[in-house]
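Dumped work_38.cif below, it's mmCIF, C-alpha atoms (C1' of nucleotides):
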data_upload
loop_
_atom_site.group_PDB
_atom_site.id
_atom_site.type_symbol
_atom_site.label_atom_id
_atom_site.label_comp_id
_atom_site.auth_asym_id
_atom_site.auth_seq_id
_atom_site.Cartn_x
_atom_site.Cartn_y
_atom_site.Cartn_z
ATOM 1 C CA MET A 1 0.000 0.000 0.000
ATOM 2 C CA ILE A 2 1.032 3.586 -0.657
ATOM 3 C CA ILE A 3 0.909 6.103 2.192
ATOM 4 C CA LYS A 4 0.696 9.777 1.170
ATOM 5 C CA ILE A 5 1.939 12.310 3.685
ATOM 6 C CA SER A 6 1.554 16.038 3.024
ATOM 7 C CA THR A 7 2.424 19.299 4.710
ATOM 8 C CA TRP A 8 0.808 22.692 4.221
ATOM 9 C CA ASN A 9 1.183 26.057 5.909
ATOM 10 C CA VAL A 10 -2.402 27.221 5.409
ATOM 11 C CA ASN A 11 -2.104 30.720 6.925
ATOM 12 C CA GLY A 12 -5.292 30.418 8.980
ATOM 13 C CA VAL A 13 -7.288 27.179 8.910
ATOM 14 C CA ARG A 14 -10.645 28.971 9.205
ATOM 15 C CA ALA A 15 -9.826 31.411 6.404
ATOM 16 C CA ARG A 16 -8.679 28.500 4.234
ATOM 17 C CA ILE A 17 -11.508 26.032 4.828
ATOM 18 C CA ASP A 18 -12.829 25.984 1.229
ATOM 19 C CA VAL A 19 -9.425 25.686 -0.461
ATOM 20 C CA LEU A 20 -8.380 23.070 2.079
ATOM 21 C CA THR A 21 -11.551 21.024 1.654
ATOM 22 C CA SER A 22 -11.391 20.830 -2.121
ATOM 23 C CA TRP A 23 -7.662 20.053 -2.051
ATOM 24 C CA LEU A 24 -8.244 17.196 0.417
ATOM 25 C CA LYS A 25 -11.046 15.786 -1.732
ATOM 26 C CA ASN A 26 -8.893 15.879 -4.859
ATOM 27 C CA ASN A 27 -5.651 14.592 -3.347
ATOM 28 C CA GLN A 28 -6.716 12.314 -0.491
ATOM 29 C CA PRO A 29 -3.511 12.335 1.566
ATOM 30 C CA ASP A 30 -3.428 9.773 4.357
ATOM 31 C CA ILE A 31 -1.819 12.321 6.628
ATOM 32 C CA LEU A 32 -1.786 16.112 6.334
ATOM 33 C CA CYS A 33 0.372 18.233 8.626
ATOM 34 C CA LEU A 34 -0.853 21.821 8.957
ATOM 35 C CA GLN A 35 0.983 24.920 10.125
ATOM 36 C CA GLU A 36 -0.214 28.415 11.029
ATOM 37 C CA THR A 37 -3.695 27.249 11.919
ATOM 38 C CA LYS A 38 -3.996 30.493 13.921
ATOM 39 C CA CYS A 39 -6.654 29.383 16.385
ATOM 40 C CA VAL A 40 -7.090 27.691 19.733
ATOM 41 C CA ASN A 41 -8.121 24.013 19.683
ATOM 42 C CA GLU A 42 -11.739 24.880 20.519
ATOM 43 C CA GLU A 43 -12.000 27.085 17.415
ATOM 44 C CA PHE A 44 -10.501 24.507 15.034
ATOM 45 C CA PRO A 45 -13.112 23.118 12.582
ATOM 46 C CA LYS A 46 -12.492 19.617 13.897
ATOM 47 C CA ASP A 47 -15.955 18.192 13.119
ATOM 48 C CA HIS A 48 -15.631 19.272 9.505
ATOM 49 C CA PHE A 49 -12.454 17.246 8.934
ATOM 50 C CA GLU A 50 -13.766 14.317 10.969
ATOM 51 C CA SER A 51 -16.755 14.181 8.642
ATOM 52 C CA MET A 52 -14.234 13.837 5.792
ATOM 53 C CA GLY A 53 -12.727 10.755 7.419
ATOM 54 C CA TYR A 54 -9.801 12.272 9.302
ATOM 55 C CA ILE A 55 -8.738 11.961 12.904
ATOM 56 C CA VAL A 56 -7.635 15.400 14.110
ATOM 57 C CA TYR A 57 -4.661 16.082 16.409
ATOM 58 C CA LEU A 58 -4.298 19.670 17.575
ATOM 59 C CA ASN A 59 -1.683 21.937 19.055
ATOM 60 C CA GLY A 60 -3.351 25.326 18.680
ATOM 61 C CA GLN A 61 -2.750 28.814 19.975
ATOM 62 C CA LYS A 62 -4.698 32.051 19.855
ATOM 63 C CA SER A 63 -4.152 34.186 16.708
ATOM 64 C CA PHE A 64 -0.674 32.984 15.786
ATOM 65 C CA ASN A 65 1.250 29.809 15.033
ATOM 66 C CA GLY A 66 -0.646 26.572 15.696
ATOM 67 C CA VAL A 67 -0.061 23.156 14.134
ATOM 68 C CA ALA A 68 -2.331 20.191 13.491
ATOM 69 C CA ILE A 69 -2.269 16.729 11.966
ATOM 70 C CA LEU A 70 -5.177 15.225 10.041
ATOM 71 C CA SER A 71 -4.815 11.462 9.669
ATOM 72 C CA LYS A 72 -6.892 8.661 8.192
ATOM 73 C CA TYR A 73 -5.182 6.298 10.646
ATOM 74 C CA GLU A 74 -4.924 6.550 14.396
ATOM 75 C CA LEU A 75 -1.597 7.987 15.531
ATOM 76 C CA THR A 76 0.159 7.107 18.790
ATOM 77 C CA ASP A 77 2.953 8.404 21.032
ATOM 78 C CA LEU A 78 1.875 12.024 20.654
ATOM 79 C CA ASP A 79 4.102 14.796 21.928
ATOM 80 C CA PHE A 80 3.170 18.454 21.526
ATOM 81 C CA GLN A 81 6.299 19.976 22.983
ATOM 82 C CA ILE A 82 9.790 20.354 21.621
ATOM 83 C CA TYR A 83 10.786 22.078 24.869
ATOM 84 C CA HIS A 84 10.215 19.997 27.965
ATOM 85 C CA ASP A 85 12.445 21.818 30.405
ATOM 86 C CA LYS A 86 10.599 25.142 30.205
ATOM 87 C CA GLU A 87 7.134 26.497 29.481
ATOM 88 C CA GLU A 88 6.267 26.017 25.808
ATOM 89 C CA GLU A 89 5.032 29.446 24.766
ATOM 90 C CA GLN A 90 4.520 28.822 21.047
ATOM 91 C CA ALA A 91 2.553 26.002 19.365
ATOM 92 C CA ARG A 92 4.931 24.788 16.661
ATOM 93 C CA PHE A 93 5.464 21.062 17.085
ATOM 94 C CA ILE A 94 3.687 17.700 17.009
ATOM 95 C CA GLU A 95 5.390 14.338 17.159
ATOM 96 C CA ALA A 96 3.308 11.270 16.336
ATOM 97 C CA VAL A 97 3.771 7.668 15.255
ATOM 98 C CA LEU A 98 1.900 5.799 12.527
ATOM 99 C CA LYS A 99 1.676 2.087 13.185
ATOM 100 C CA ILE A 100 0.444 0.047 10.228
ATOM 101 C CA PRO A 101 0.415 -3.724 10.851
ATOM 102 C CA ASN A 102 3.377 -5.580 9.316
ATOM 103 C CA ASN A 103 5.301 -2.307 8.918
ATOM 104 C CA LEU A 104 7.859 -0.628 11.109
ATOM 105 C CA PRO A 105 6.493 2.233 13.237
ATOM 106 C CA PHE A 106 6.768 5.441 11.207
ATOM 107 C CA LYS A 107 7.489 8.595 13.205
ATOM 108 C CA ILE A 108 6.433 12.067 12.110
ATOM 109 C CA ASN A 109 7.540 15.474 13.338
ATOM 110 C CA CYS A 110 5.185 18.212 12.118
ATOM 111 C CA ILE A 111 7.006 21.512 12.566
ATOM 112 C CA TYR A 112 6.443 25.235 12.201
ATOM 113 C CA LEU A 113 9.950 26.549 12.640
ATOM 114 C CA PRO A 114 10.153 30.184 13.836
ATOM 115 C CA ASN A 115 10.517 32.847 11.162
ATOM 116 C CA GLY A 116 13.211 34.696 13.118
ATOM 117 C CA ASN A 117 12.971 38.107 11.492
ATOM 118 C CA PRO A 118 14.231 40.698 11.909
ATOM 119 C CA TYR A 119 17.961 39.983 12.035
ATOM 120 C CA PRO A 120 19.416 40.565 14.543
ATOM 121 C CA SER A 121 16.786 40.281 17.263
ATOM 122 C CA ALA A 122 15.500 38.150 20.115
ATOM 123 C CA LYS A 123 13.259 36.438 17.546
ATOM 124 C CA PHE A 124 16.305 35.448 15.521
ATOM 125 C CA ASP A 125 17.939 34.032 18.657
ATOM 126 C CA TYR A 126 14.735 32.118 19.404
ATOM 127 C CA LYS A 127 14.805 30.615 15.922
ATOM 128 C CA LEU A 128 18.351 29.326 16.397
ATOM 129 C CA ASP A 129 17.528 28.025 19.863
ATOM 130 C CA TRP A 130 14.444 26.232 18.510
ATOM 131 C CA MET A 131 16.608 24.686 15.806
ATOM 132 C CA ASP A 132 19.038 23.434 18.445
ATOM 133 C CA ARG A 133 16.098 21.662 20.095
ATOM 134 C CA LEU A 134 15.085 20.186 16.766
ATOM 135 C CA VAL A 135 18.616 18.914 16.172
ATOM 136 C CA GLU A 136 18.583 17.206 19.578
ATOM 137 C CA ARG A 137 15.167 15.678 18.908
ATOM 138 C CA ALA A 138 16.228 14.489 15.461
ATOM 139 C CA LYS A 139 19.452 13.009 16.777
ATOM 140 C CA MET A 140 17.514 10.913 19.262
ATOM 141 C CA ASN A 141 14.882 9.832 16.741
ATOM 142 C CA ILE A 142 17.429 8.935 14.053
ATOM 143 C CA SER A 143 19.321 6.771 16.553
ATOM 144 C CA LEU A 144 16.244 4.509 16.759
ATOM 145 C CA GLU A 145 16.934 3.525 13.129
ATOM 146 C CA LEU A 146 13.221 3.453 12.274
ATOM 147 C CA PRO A 147 11.386 5.357 9.525
ATOM 148 C CA TYR A 148 11.228 8.972 10.688
ATOM 149 C CA ILE A 149 10.399 12.186 8.847
ATOM 150 C CA ILE A 150 10.427 15.864 9.732
ATOM 151 C CA LEU A 151 8.058 17.903 7.618
ATOM 152 C CA GLY A 152 6.563 21.343 7.675
ATOM 153 C CA ASP A 153 7.353 25.003 7.260
ATOM 154 C CA PHE A 154 11.059 25.208 8.102
ATOM 155 C CA ASN A 155 11.358 28.924 7.291
ATOM 156 C CA ILE A 156 14.759 28.052 5.817
ATOM 157 C CA ILE A 157 15.919 28.741 2.254
ATOM 158 C CA PRO A 158 18.595 26.032 2.026
ATOM 159 C CA THR A 159 20.601 27.345 -0.947
ATOM 160 C CA GLU A 160 20.773 30.107 -3.558
ATOM 161 C CA GLU A 161 18.885 27.734 -5.885
ATOM 162 C CA ASP A 162 15.882 27.914 -3.595
ATOM 163 C CA VAL A 163 15.089 31.606 -4.019
ATOM 164 C CA TYR A 164 14.399 33.740 -7.092
ATOM 165 C CA ASP A 165 17.142 36.233 -6.224
ATOM 166 C CA HIS A 166 19.199 35.510 -3.142
ATOM 167 C CA THR A 167 20.785 38.979 -3.120
ATOM 168 C CA ASN A 168 17.447 40.318 -1.807
ATOM 169 C CA TRP A 169 17.600 37.899 1.127
ATOM 170 C CA LEU A 170 21.132 38.237 2.510
ATOM 171 C CA ASP A 171 20.002 39.710 5.839
ATOM 172 C CA ASP A 172 16.742 37.823 6.061
ATOM 173 C CA ALA A 173 16.428 35.248 8.857
ATOM 174 C CA LEU A 174 15.296 32.646 6.297
ATOM 175 C CA PHE A 175 18.582 32.908 4.406
ATOM 176 C CA ARG A 176 21.080 34.157 7.004
ATOM 177 C CA ILE A 177 24.106 31.902 7.118
ATOM 178 C CA GLU A 178 23.496 31.129 10.810
ATOM 179 C CA SER A 179 20.052 29.696 9.947
ATOM 180 C CA ARG A 180 21.315 27.736 6.961
ATOM 181 C CA LYS A 181 24.223 26.335 8.962
ATOM 182 C CA LYS A 182 21.836 24.993 11.595
ATOM 183 C CA TYR A 183 19.723 23.466 8.847
ATOM 184 C CA ARG A 184 22.838 21.844 7.399
ATOM 185 C CA GLN A 185 23.718 20.568 10.859
ATOM 186 C CA LEU A 186 20.254 18.996 11.043
ATOM 187 C CA LYS A 187 20.527 17.408 7.600
ATOM 188 C CA ASN A 188 24.051 16.185 8.304
ATOM 189 C CA LEU A 189 22.727 13.982 11.094
ATOM 190 C CA GLY A 190 21.734 11.755 8.191
ATOM 191 C CA LEU A 191 18.492 13.161 6.789
ATOM 192 C CA TYR A 192 17.576 13.366 3.111
ATOM 193 C CA ASP A 193 15.575 16.141 1.457
ATOM 194 C CA ALA A 194 12.671 14.414 -0.351
ATOM 195 C CA PHE A 195 12.610 17.193 -2.944
ATOM 196 C CA LEU A 196 16.250 16.603 -3.884
ATOM 197 C CA LEU A 197 15.654 12.837 -4.102
ATOM 198 C CA ASP A 198 12.911 13.382 -6.664
ATOM 199 C CA THR A 199 13.662 16.654 -8.399
ATOM 200 C CA LYS A 200 11.782 17.217 -11.610
ATOM 201 C CA SER A 201 13.256 20.676 -12.039
ATOM 202 C CA MET A 202 16.061 22.555 -10.346
ATOM 203 C CA VAL A 203 13.700 25.307 -9.255
ATOM 204 C CA GLU A 204 10.456 24.595 -7.471
ATOM 205 C CA TYR A 205 9.233 26.999 -4.831
ATOM 206 C CA THR A 206 6.743 26.492 -2.000
ATOM 207 C CA HIS A 207 5.976 30.072 -1.007
ATOM 208 C CA TRP A 208 5.199 33.267 -2.898
ATOM 209 C CA ASP A 209 4.551 36.496 -1.012
ATOM 210 C CA TYR A 210 1.119 38.062 -1.346
ATOM 211 C CA GLN A 211 2.761 41.409 -2.101
ATOM 212 C CA GLY A 212 4.202 42.866 -5.257
ATOM 213 C CA GLY A 213 2.799 40.294 -7.666
ATOM 214 C CA ALA A 214 5.321 37.715 -6.464
ATOM 215 C CA TRP A 215 3.243 34.791 -7.756
ATOM 216 C CA ASP A 216 2.801 36.283 -11.252
ATOM 217 C CA LYS A 217 6.532 36.982 -11.470
ATOM 218 C CA ASN A 218 7.385 33.585 -9.941
ATOM 219 C CA GLU A 219 9.384 35.291 -7.220
ATOM 220 C CA GLY A 220 9.167 32.400 -4.791
ATOM 221 C CA ILE A 221 11.204 30.625 -2.149
ATOM 222 C CA ARG A 222 11.487 26.945 -1.169
ATOM 223 C CA ILE A 223 10.996 26.766 2.594
ATOM 224 C CA ASP A 224 8.554 23.878 3.137
ATOM 225 C CA HIS A 225 10.529 20.663 3.369
ATOM 226 C CA ILE A 226 10.226 16.938 4.016
ATOM 227 C CA LEU A 227 13.346 15.380 5.534
ATOM 228 C CA LEU A 228 13.730 11.596 5.644
ATOM 229 C CA SER A 229 15.721 9.295 7.897
ATOM 230 C CA PRO A 230 17.638 6.513 6.088
ATOM 231 C CA SER A 231 14.940 3.908 6.732
ATOM 232 C CA ALA A 232 12.189 6.341 5.654
ATOM 233 C CA CYS A 233 14.315 6.922 2.568
ATOM 234 C CA ASN A 234 14.267 3.182 1.874
ATOM 235 C CA ILE A 235 10.482 3.216 1.396
ATOM 236 C CA PHE A 236 10.252 6.675 -0.217
ATOM 237 C CA LYS A 237 8.491 6.705 -3.593
ATOM 238 C CA ASN A 238 8.205 10.306 -4.787
ATOM 239 C CA MET A 239 7.627 13.953 -3.925
ATOM 240 C CA THR A 240 5.034 16.319 -5.362
ATOM 241 C CA SER A 241 4.765 20.107 -5.109
ATOM 242 C CA HIS A 242 1.110 21.155 -5.516
ATOM 243 C CA THR A 243 2.040 24.429 -7.147
ATOM 244 C CA ASN A 244 -1.351 25.118 -8.715
ATOM 245 C CA THR A 245 -2.984 25.675 -5.314
ATOM 246 C CA ARG A 246 -1.212 29.051 -5.174
ATOM 247 C CA ALA A 247 -3.379 30.175 -8.115
ATOM 248 C CA SER A 248 -6.671 29.252 -6.444
ATOM 249 C CA GLU A 249 -9.261 31.659 -5.076
ATOM 250 C CA LYS A 250 -8.192 33.028 -1.658
ATOM 251 C CA PRO A 251 -4.976 30.979 -1.537
ATOM 252 C CA SER A 252 -2.483 30.449 1.243
ATOM 253 C CA ASP A 253 0.879 32.016 0.460
ATOM 254 C CA HIS A 254 2.352 28.489 0.815
ATOM 255 C CA ILE A 255 1.577 25.431 -1.299
ATOM 256 C CA PRO A 256 1.243 21.865 0.002
ATOM 257 C CA VAL A 257 3.918 19.286 -0.747
ATOM 258 C CA THR A 258 3.446 15.507 -0.593
ATOM 259 C CA ALA A 259 5.744 12.535 -0.157
ATOM 260 C CA GLU A 260 4.584 9.001 -0.962
ATOM 261 C CA PHE A 261 5.891 5.917 0.817
ATOM 262 C CA GLN A 262 5.651 2.241 -0.068
ATOM 263 C CA PHE A 263 4.191 0.299 2.850
ATOM 264 C CA VAL A 264 3.586 -3.444 2.672
ATOM 265 C "C1'" DA B 1 -5.100 54.464 -12.048
ATOM 266 C "C1'" DT B 2 -10.267 52.420 -10.483
ATOM 267 C "C1'" DG B 3 -4.803 50.254 -6.963
ATOM 268 C "C1'" DA B 4 -0.804 48.147 -5.752
ATOM 269 C "C1'" DC B 5 -0.988 41.687 0.890
ATOM 270 C "C1'" DC B 6 -3.240 38.634 4.276
ATOM 271 C "C1'" DT B 7 -5.047 36.880 8.982
ATOM 272 C "C1'" DA B 8 -6.808 37.556 13.424
ATOM 273 C "C1'" DA B 9 -8.056 40.510 17.174
ATOM 274 C "C1'" DC B 10 -11.713 43.205 23.140
ATOM 275 C "C1'" DT B 11 -11.272 45.655 15.107
ATOM 276 C "C1'" DT B 12 -11.651 51.557 12.894
ATOM 277 C "C1'" DT B 13 -5.341 50.088 13.892
ATOM 278 C "C1'" DT B 14 -1.817 46.784 15.033
ATOM 279 C "C1'" DA B 15 1.154 42.584 15.374
ATOM 280 C "C1'" DG B 16 2.990 39.047 12.916
ATOM 281 C "C1'" DG B 17 4.138 36.893 8.924
ATOM 282 C "C1'" DA B 18 8.102 35.990 4.933
#
Let me see the structure of the file written as structure tokens.
Amino acid sequence: MIIKISTWNVNGVRARIDVLTSWLKNNQPDILCLQETKCVNEEFPKDHFESMGYIVYLNGQKSFNGVAILSKYELTDLDFQIYHDKEEEQARFIEAVLKIPNNLPFKINCIYLPNGNPYPSAKFDYKLDWMDRLVERAKMNISLELPYIILGDFNIIPTEEDVYDHTNWLDDALFRIESRKKYRQLKNLGLYDAFLLDTKSMVEYTHWDYQGGAWDKNEGIRIDHILLSPSACNIFKNMTSHTNTRASEKPSDHIPVTAEFQFV
DNA sequence: ATGACCTAACTTTTAGGA
């Protein structure tokens, strides 16, 4: 069986309900990780997605941030905190495990990595600190040698290839060398970028700003990623960028991306 | 130029996003 796992920064789940609903109907992912849901758990349209056949796991927050996982299968071993030694002030993380009989447990980290702008600032420092936590979490999870993926809005432009004109982004927290070095440190633990494993073109963006006609001019950036552990890599089939969703009515500024895995 | 961004919030302006 094929398992489809997607990630999408929707920029407000309530504002995006129509776009989200039609995309789910057309694409039928088994699991969809959402970022920037921008509402507390009580305000999340949970019943709506349940009526579409999804189990809903929520880590919401008022107005900002907020992550969620919609899944056709029950998930276990949930963890909503990347920080355990201090009060978690921002809802940006869900860890969960998919257990399909006769398959190895498949661990998922749904992340909304801090933006970090402006540079320099306390927000930038928070971004780097959050990334240190992610590196520690990944290190531990990779050591289990089971299928494990980190997916979501990383707010990281990995290379000059991943932005229309990197000279505009030199002092932006998404492209600052400190951010990209931490991302490299994460990847160098032994994670593979699903996009690079299945690249159809050198340039494929996941975000276009609402301002300045960025979409029409294709002035985008690639910041939504799916990273695979070696044993997730072993069952990886392909990666799809759903670019056309950016052209829909009332779109998110991000598009969804999907990785498919071969389960037995 | 008729206009040039979107979401959410104790909403008529501001914070946050990227």
List as JSON lines every residue of chain B that is in contact with chain A, defined as an atom at most 10 Å from one of its atoms (using only C-alpha atoms (C1' of nucleotides)), together with the nearest atom pair and the distance in Å rounded to one decimal, sorted by chain and then rising number.
{"residue": "B:DA4", "atom": "C1'", "partner": "A:Gly212", "partner_atom": "CA", "distance": 7.3}
{"residue": "B:DC5", "atom": "C1'", "partner": "A:Tyr210", "partner_atom": "CA", "distance": 4.8}
{"residue": "B:DC6", "atom": "C1'", "partner": "A:Tyr210", "partner_atom": "CA", "distance": 7.1}
{"residue": "B:DT7", "atom": "C1'", "partner": "A:Gly12", "partner_atom": "CA", "distance": 6.5}
{"residue": "B:DA8", "atom": "C1'", "partner": "A:Ser63", "partner_atom": "CA", "distance": 5.4}
{"residue": "B:DA9", "atom": "C1'", "partner": "A:Ser63", "partner_atom": "CA", "distance": 7.4}
{"residue": "B:DA15", "atom": "C1'", "partner": "A:Phe64", "partner_atom": "CA", "distance": 9.8}
{"residue": "B:DG16", "atom": "C1'", "partner": "A:Phe64", "partner_atom": "CA", "distance": 7.6}
{"residue": "B:DG17", "atom": "C1'", "partner": "A:Asn115", "partner_atom": "CA", "distance": 7.9}
{"residue": "B:DA18", "atom": "C1'", "partner": "A:Asp209", "partner_atom": "CA", "distance": 6.9}
Distance in Å - atom CA of His48 of chain A versus atom CA of Asp30 of chain A: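 For atom CA of His48 of chain A relative to atom CA of Asp30 of chain A, the distance reads 16.3 Å.
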Hits of the PyMOL selection byres ((chain A and resi 190) around 12) in this structure, as a count of residues only: 27
Matched chain/residue IDs from the PyMOL selection byres ((chain A and resi 67) around 12), as number ranges by chain: A: 7-13, 32-41, 44, 56-62, 64-66, 68-70, 80-81, 90-95, 109-113, 151-153
Interatomic distance (Å, one decimal) between atom CA of Tyr205 of chain A and atom CA of Leu98 of chain A: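 Interatomic distance, atom CA of Tyr205 of chain A to atom CA of Leu98 of chain A: 28.4 Å.
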Atom CA of Thr206 of chain A to atom CA of Ser179 of chain A, straight-line distance in Å: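 Straight-line distance from atom CA of Ser179 of chain A to atom CA of Thr206 of chain A works out to 18.2 Å.
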Answer key for the PyMOL selection byres ((chain A and resi 128) around 9), residues as a VMD selection string: chain A and resid 114 116 123 to 127 129 to 133 178 to 179 182
Closest of A:Leu78, A:Ile226, A:Ile100, A:Leu197 to Ile5 of chain A - atom-to-atom distances counting all atoms listed in the file: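 The answer is A:Ile226, which sits nearest to Ile5 of chain A.
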Among listed residues A:Phe195, A:His254, A:Met1, A:Val163, nearest Pro101 of chain A (using all atoms listed in the file):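 Of all the options, A:Met1 lies closest to Pro101 of chain A.
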Nearest candidate to Lys181 of chain A (options A:Ser71, A:Thr159, A:Asn244, A:Gln28; using all atoms listed in the file):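 Closest to Lys181 of chain A of all the choices is A:Thr159.
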Nearest residue to Ile156 of chain A from the set A:Arg16, A:Lys99, A:Lys107, A:Arg222 (distances using all atoms listed in the file): A:Arg222
Residue nearest Arg137 of chain A among A:Glu43, A:Asp79, A:Glu260, A:Glu249 (counting all atoms listed in the file):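 Closest candidate: A:Asp79.
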All residues 12 Å or closer to Met52 of chain A, all atoms listed in the file, same chain fewer than 2 positions away omitted, as a VMD selection string: chain A and resid 20 to 25 28 to 30 45 to 50 54 to 56 70 to 72
Export C-alpha atoms of segment 48-77 of chain A from the structure just given, as a PDB file, in the first residue's frame?
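To be explicit, this is the file written out as out.pdb:
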ATOM      1  CA  HIS A  48     -15.631  19.272   9.505  1.00  0.00           C
ATOM      2  CA  PHE A  49     -12.454  17.246   8.934  1.00  0.00           C
ATOM      3  CA  GLU A  50     -13.766  14.317  10.969  1.00  0.00           C
ATOM      4  CA  SER A  51     -16.755  14.181   8.642  1.00  0.00           C
ATOM      5  CA  MET A  52     -14.234  13.837   5.792  1.00  0.00           C
ATOM      6  CA  GLY A  53     -12.727  10.755   7.419  1.00  0.00           C
ATOM      7  CA  TYR A  54      -9.801  12.272   9.302  1.00  0.00           C
ATOM      8  CA  ILE A  55      -8.738  11.961  12.904  1.00  0.00           C
ATOM      9  CA  VAL A  56      -7.635  15.400  14.110  1.00  0.00           C
ATOM     10  CA  TYR A  57      -4.661  16.082  16.409  1.00  0.00           C
ATOM     11  CA  LEU A  58      -4.298  19.670  17.575  1.00  0.00           C
ATOM     12  CA  ASN A  59      -1.683  21.937  19.055  1.00  0.00           C
ATOM     13  CA  GLY A  60      -3.351  25.326  18.680  1.00  0.00           C
ATOM     14  CA  GLN A  61      -2.750  28.814  19.975  1.00  0.00           C
ATOM     15  CA  LYS A  62      -4.698  32.051  19.855  1.00  0.00           C
ATOM     16  CA  SER A  63      -4.152  34.186  16.708  1.00  0.00           C
ATOM     17  CA  PHE A  64      -0.674  32.984  15.786  1.00  0.00           C
ATOM     18  CA  ASN A  65       1.250  29.809  15.033  1.00  0.00           C
ATOM     19  CA  GLY A  66      -0.646  26.572  15.696  1.00  0.00           C
ATOM     20  CA  VAL A  67      -0.061  23.156  14.134  1.00  0.00           C
ATOM     21  CA  ALA A  68      -2.331  20.191  13.491  1.00  0.00           C
ATOM     22  CA  ILE A  69      -2.269  16.729  11.966  1.00  0.00           C
ATOM     23  CA  LEU A  70      -5.177  15.225  10.041  1.00  0.00           C
ATOM     24  CA  SER A  71      -4.815  11.462   9.669  1.00  0.00           C
ATOM     25  CA  LYS A  72      -6.892   8.661   8.192  1.00  0.00           C
ATOM     26  CA  TYR A  73      -5.182   6.298  10.646  1.00  0.00           C
ATOM     27  CA  GLU A  74      -4.924   6.550  14.396  1.00  0.00           C
ATOM     28  CA  LEU A  75      -1.597   7.987  15.531  1.00  0.00           C
ATOM     29  CA  THR A  76       0.159   7.107  18.790  1.00  0.00           C
ATOM     30  CA  ASP A  77       2.953   8.404  21.032  1.00  0.00           C
TER      31      ASP A  77
END
